[in-house]
Amino acid sequence: MTVATLQPDSELRDLYRELILEHSRRPRNFGKLDDATHVADGINPLCGDKLRLYLQLEENQVVAAAFEGSGCAISVASASLLTELLVGQDRATALSYFQEVVAHLNGKLPAGLTTPELDKIHALEGVREFPTRIKCATLAWQALQSAISGQSGPATTE
Ligand code: ZN
C-alpha cells in the first residue's frame, strides 16, 4: 500500500511556474503605449533582458501601462504582472509596490509580502535562490521607479 504524500510546497511551485510561463508566452499589455507620459528603459546585461516601460499618468494616477522588449521568461512575466498591478494605482502606491517587490525578491523582507494586491508576485520568488535571476525579476520594477521619478537614462541592474 502506498501512501500519497501531500506536498503543498511543490504544488504551489508548479502553479507559480505555470503563472510565469503563461505570462511570458502571452504577456499582458505588450506593445507601445502611444499616450505614455512616462517612459523608461531597463537593461539587464547579465541575462540580455531589455525592456521599455510605458506609463500613462493622469492626475497622479496610472491609467495605462505597457511594455515592449525581449528577455527571458522571468523578466517578461515580471513586466507583464507589473503592468497589470499598476493600472488604477496612484504614484505613491506604485512606488511602494516597487519598494516592496524589490525588497522581497532580494530576500530583505522578514515578514514577506504584506500587500494583498501583490499576491501574484509570490510566483517570482523562486528567483531568490538564484542571485543572477533576481535581476531578471526586478528589471521591470527598476524601470518603473525610473519612469515615475523621471530619471533620465536607462535603468540598469548593474
Ligand atoms: Zn533574464
# chains A, B, ... in the order shown; residues from 1 in each chain; ligands from 1
call {"tool": "residues_around", "arguments": {"residues": "Ile121 in chain A", "least_positions_apart": "6", "cutoff": "9 Å", "atoms": "only C-alpha atoms", "output": "list in words"}}
result
Ser78, Leu81, Leu82, Val101, Leu105 and Leu113 of chain A
call {"tool": "closest_atom_pairs", "arguments": {"of": "chain A", "to": "ligand 1", "cutoff": "10 Å", "atoms": "only C-alpha atoms and all ligand atoms", "output": "JSON lines"}}
result
{"residue": "A:Ile43", "atom": "CA", "partner": "ligand 1", "partner_atom_place_in_ligand_line": "1 (Zn)", "distance": 9.7}
{"residue": "A:Asn44", "atom": "CA", "partner": "ligand 1", "partner_atom_place_in_ligand_line": "1 (Zn)", "distance": 7.0}
{"residue": "A:Pro45", "atom": "CA", "partner": "ligand 1", "partner_atom_place_in_ligand_line": "1 (Zn)", "distance": 8.8}
{"residue": "A:Leu46", "atom": "CA", "partner": "ligand 1", "partner_atom_place_in_ligand_line": "1 (Zn)", "distance": 7.6}
{"residue": "A:Cys47", "atom": "CA", "partner": "ligand 1", "partner_atom_place_in_ligand_line": "1 (Zn)", "distance": 4.6}
{"residue": "A:Gly48", "atom": "CA", "partner": "ligand 1", "partner_atom_place_in_ligand_line": "1 (Zn)", "distance": 6.4}
{"residue": "A:Asp49", "atom": "CA", "partner": "ligand 1", "partner_atom_place_in_ligand_line": "1 (Zn)", "distance": 5.2}
{"residue": "A:Lys50", "atom": "CA", "partner": "ligand 1", "partner_atom_place_in_ligand_line": "1 (Zn)", "distance": 8.7}
{"residue": "A:Ser70", "atom": "CA", "partner": "ligand 1", "partner_atom_place_in_ligand_line": "1 (Zn)", "distance": 9.2}
{"residue": "A:Gly71", "atom": "CA", "partner": "ligand 1", "partner_atom_place_in_ligand_line": "1 (Zn)", "distance": 5.6}
{"residue": "A:Cys72", "atom": "CA", "partner": "ligand 1", "partner_atom_place_in_ligand_line": "1 (Zn)", "distance": 4.3}
{"residue": "A:Ala73", "atom": "CA", "partner": "ligand 1", "partner_atom_place_in_ligand_line": "1 (Zn)", "distance": 7.0}
{"residue": "A:Ile74", "atom": "CA", "partner": "ligand 1", "partner_atom_place_in_ligand_line": "1 (Zn)", "distance": 6.0}
{"residue": "A:Ser75", "atom": "CA", "partner": "ligand 1", "partner_atom_place_in_ligand_line": "1 (Zn)", "distance": 5.2}
{"residue": "A:Val76", "atom": "CA", "partner": "ligand 1", "partner_atom_place_in_ligand_line": "1 (Zn)", "distance": 8.2}
{"residue": "A:Thr132", "atom": "CA", "partner": "ligand 1", "partner_atom_place_in_ligand_line": "1 (Zn)", "distance": 8.3}
{"residue": "A:Arg133", "atom": "CA", "partner": "ligand 1", "partner_atom_place_in_ligand_line": "1 (Zn)", "distance": 6.2}
{"residue": "A:Ile134", "atom": "CA", "partner": "ligand 1", "partner_atom_place_in_ligand_line": "1 (Zn)", "distance": 8.5}
{"residue": "A:Lys135", "atom": "CA", "partner": "ligand 1", "partner_atom_place_in_ligand_line": "1 (Zn)", "distance": 7.1}
{"residue": "A:Cys136", "atom": "CA", "partner": "ligand 1", "partner_atom_place_in_ligand_line": "1 (Zn)", "distance": 4.0}
{"residue": "A:Ala137", "atom": "CA", "partner": "ligand 1", "partner_atom_place_in_ligand_line": "1 (Zn)", "distance": 7.3}
{"residue": "A:Thr138", "atom": "CA", "partner": "ligand 1", "partner_atom_place_in_ligand_line": "1 (Zn)", "distance": 9.6}
{"residue": "A:Leu139", "atom": "CA", "partner": "ligand 1", "partner_atom_place_in_ligand_line": "1 (Zn)", "distance": 8.5}
call {"tool": "closest_residue", "arguments": {"among": "A:Ala147, A:Ala79, A:Gly107, A:Trp141", "to": "Glu129 in chain A", "atoms": "only C-alpha atoms"}}
result
A:Gly107
call {"tool": "residues_around", "arguments": {"residues": "range 30-39 of chain A", "least_positions_apart": "3", "cutoff": "12 Å", "atoms": "only C-alpha atoms", "output": "PyMOL selection string"}}
result
chain A and resi 23-27+42+51-70+76-77+79-84+91+140+143-155
call {"tool": "write_last_selection", "arguments": {"atoms": "N, CA and C atoms", "output": "short mmCIF file (atom, residue, chain, number, x, y, z; two decimals), in the first residue's frame"}}
result
data_model
loop_
_atom_site.label_atom_id
_atom_site.label_comp_id
_atom_site.auth_asym_id
_atom_site.auth_seq_id
_atom_site.Cartn_x
_atom_site.Cartn_y
_atom_site.Cartn_z
N HIS A 23 2.37 34.03 -18.41
CA HIS A 23 2.60 35.47 -18.63
C HIS A 23 3.73 35.73 -19.62
N SER A 24 4.71 34.81 -19.68
CA SER A 24 5.82 35.05 -20.61
C SER A 24 5.41 34.70 -22.03
N ARG A 25 4.50 33.74 -22.17
CA ARG A 25 4.05 33.38 -23.52
C ARG A 25 3.03 34.37 -24.06
N ARG A 26 2.17 34.84 -23.17
CA ARG A 26 1.15 35.81 -23.60
C ARG A 26 1.19 37.01 -22.67
N PRO A 27 2.25 37.81 -22.78
CA PRO A 27 2.37 38.94 -21.86
C PRO A 27 1.21 39.92 -22.00
N GLY A 42 14.82 49.52 -19.36
CA GLY A 42 15.51 48.68 -18.39
C GLY A 42 16.41 47.71 -19.12
N LEU A 51 13.93 45.96 -21.85
CA LEU A 51 12.52 46.32 -21.98
C LEU A 51 12.35 47.83 -21.89
N ARG A 52 11.26 48.28 -22.46
CA ARG A 52 10.87 49.69 -22.35
C ARG A 52 9.49 49.71 -21.71
N LEU A 53 9.40 50.44 -20.62
CA LEU A 53 8.14 50.51 -19.88
C LEU A 53 7.46 51.84 -20.17
N TYR A 54 6.19 51.76 -20.49
CA TYR A 54 5.38 52.96 -20.76
C TYR A 54 4.31 53.11 -19.69
N LEU A 55 4.20 54.32 -19.16
CA LEU A 55 3.12 54.59 -18.21
C LEU A 55 2.37 55.82 -18.66
N GLN A 56 1.08 55.79 -18.50
CA GLN A 56 0.29 56.99 -18.73
C GLN A 56 -0.30 57.43 -17.40
N LEU A 57 0.13 58.57 -16.93
CA LEU A 57 -0.39 59.09 -15.67
C LEU A 57 -1.32 60.26 -15.93
N GLU A 58 -2.43 60.23 -15.24
CA GLU A 58 -3.36 61.35 -15.28
C GLU A 58 -3.67 61.72 -13.85
N GLU A 59 -3.44 63.01 -13.53
CA GLU A 59 -3.72 63.46 -12.17
C GLU A 59 -3.11 62.53 -11.13
N ASN A 60 -1.84 62.16 -11.36
CA ASN A 60 -1.13 61.36 -10.36
C ASN A 60 -1.55 59.89 -10.32
N GLN A 61 -2.41 59.48 -11.25
CA GLN A 61 -2.85 58.09 -11.24
C GLN A 61 -2.41 57.39 -12.52
N VAL A 62 -1.99 56.14 -12.39
CA VAL A 62 -1.61 55.36 -13.56
C VAL A 62 -2.90 54.88 -14.25
N VAL A 63 -3.15 55.38 -15.46
CA VAL A 63 -4.37 54.97 -16.16
C VAL A 63 -4.07 53.92 -17.22
N ALA A 64 -2.80 53.79 -17.61
CA ALA A 64 -2.43 52.73 -18.55
C ALA A 64 -0.95 52.41 -18.37
N ALA A 65 -0.60 51.15 -18.62
CA ALA A 65 0.80 50.73 -18.53
C ALA A 65 1.03 49.68 -19.61
N ALA A 66 2.18 49.71 -20.22
CA ALA A 66 2.53 48.73 -21.25
C ALA A 66 4.03 48.59 -21.31
N PHE A 67 4.48 47.54 -21.98
CA PHE A 67 5.93 47.38 -22.14
C PHE A 67 6.21 46.67 -23.44
N GLU A 68 7.42 46.87 -23.93
CA GLU A 68 7.88 46.09 -25.07
C GLU A 68 9.34 45.76 -24.85
N GLY A 69 9.84 44.81 -25.59
CA GLY A 69 11.22 44.40 -25.43
C GLY A 69 11.33 42.90 -25.52
N SER A 70 12.49 42.40 -25.13
CA SER A 70 12.68 40.96 -25.18
C SER A 70 13.55 40.54 -24.00
N VAL A 76 10.04 38.83 -18.65
CA VAL A 76 8.80 39.17 -19.36
C VAL A 76 7.59 38.97 -18.46
N ALA A 77 7.57 37.88 -17.72
CA ALA A 77 6.43 37.62 -16.82
C ALA A 77 6.35 38.70 -15.74
N ALA A 79 7.38 41.83 -15.94
CA ALA A 79 6.89 43.07 -16.55
C ALA A 79 5.39 42.98 -16.82
N SER A 80 4.95 41.82 -17.26
CA SER A 80 3.53 41.62 -17.53
C SER A 80 2.71 41.78 -16.25
N LEU A 81 3.17 41.15 -15.18
CA LEU A 81 2.49 41.26 -13.89
C LEU A 81 2.48 42.71 -13.41
N LEU A 82 3.61 43.37 -13.58
CA LEU A 82 3.72 44.77 -13.15
C LEU A 82 2.66 45.63 -13.83
N THR A 83 2.53 45.49 -15.14
CA THR A 83 1.56 46.35 -15.84
C THR A 83 0.14 46.08 -15.35
N GLU A 84 -0.15 44.82 -15.04
CA GLU A 84 -1.48 44.51 -14.52
C GLU A 84 -1.71 45.14 -13.15
N ARG A 91 0.66 57.34 -7.86
CA ARG A 91 2.12 57.33 -7.92
C ARG A 91 2.76 56.78 -6.64
N ALA A 140 11.87 45.11 -14.53
CA ALA A 140 10.73 45.96 -14.87
C ALA A 140 10.40 46.92 -13.72
N ALA A 143 12.69 49.79 -13.78
CA ALA A 143 12.26 50.71 -14.84
C ALA A 143 11.06 51.53 -14.37
N LEU A 144 10.18 50.89 -13.63
CA LEU A 144 9.02 51.60 -13.07
C LEU A 144 9.49 52.77 -12.20
N GLN A 145 10.44 52.48 -11.35
CA GLN A 145 10.93 53.52 -10.44
C GLN A 145 11.56 54.66 -11.24
N SER A 146 12.34 54.32 -12.27
CA SER A 146 12.95 55.36 -13.12
C SER A 146 11.88 56.17 -13.83
N ALA A 147 10.88 55.48 -14.36
CA ALA A 147 9.85 56.16 -15.14
C ALA A 147 9.10 57.16 -14.25
N ILE A 148 8.73 56.72 -13.08
CA ILE A 148 7.92 57.56 -12.21
C ILE A 148 8.73 58.71 -11.62
N SER A 149 9.98 58.44 -11.30
CA SER A 149 10.76 59.53 -10.71
C SER A 149 11.43 60.36 -11.78
N GLY A 150 11.21 60.00 -13.06
CA GLY A 150 11.66 60.84 -14.15
C GLY A 150 13.16 60.92 -14.31
N GLN A 151 13.85 59.85 -13.88
CA GLN A 151 15.30 59.82 -14.07
C GLN A 151 15.60 59.63 -15.56
N SER A 152 16.63 60.29 -16.02
CA SER A 152 16.97 60.10 -17.42
C SER A 152 17.97 58.95 -17.53
N GLY A 153 17.99 58.37 -18.72
CA GLY A 153 18.90 57.26 -18.94
C GLY A 153 18.26 55.95 -18.55
N PRO A 154 18.76 54.86 -19.09
CA PRO A 154 18.15 53.56 -18.83
C PRO A 154 18.39 53.07 -17.41
N ALA A 155 17.41 52.39 -16.87
CA ALA A 155 17.61 51.72 -15.59
C ALA A 155 18.42 50.47 -15.88
#
call {"tool": "residues_around", "arguments": {"residues": "Ala123 in chain A", "least_positions_apart": "3", "cutoff": "9 Å", "atoms": "only C-alpha atoms", "output": "list in words"}}
result
Leu12, Arg13, Leu15, Tyr16, Arg17, Glu18, Leu19, Ile20, Asp119, Lys120 and Gly126 of chain A
call {"tool": "select_by_dssp", "arguments": {"residues": "chain A", "states": "strand (DSSP E)", "output": "VMD selection string"}}
result
chain A and resid 38 to 44 49 to 58 61 to 70 155 to 156
call {"tool": "residues_around", "arguments": {"residues": "Thr115 in chain A", "least_positions_apart": "3", "cutoff": "12 Å", "atoms": "only C-alpha atoms", "output": "NGL selection string"}}
result
:A and (85 or 93-94 or 96-101 or 104 or 111-112 or 118-122)
call {"tool": "select_by_dssp", "arguments": {"residues": "range 39-113 of chain A", "states": "helix (DSSP H, G or I)", "output": "PyMOL selection string"}}
result
chain A and resi 73-86+91-105
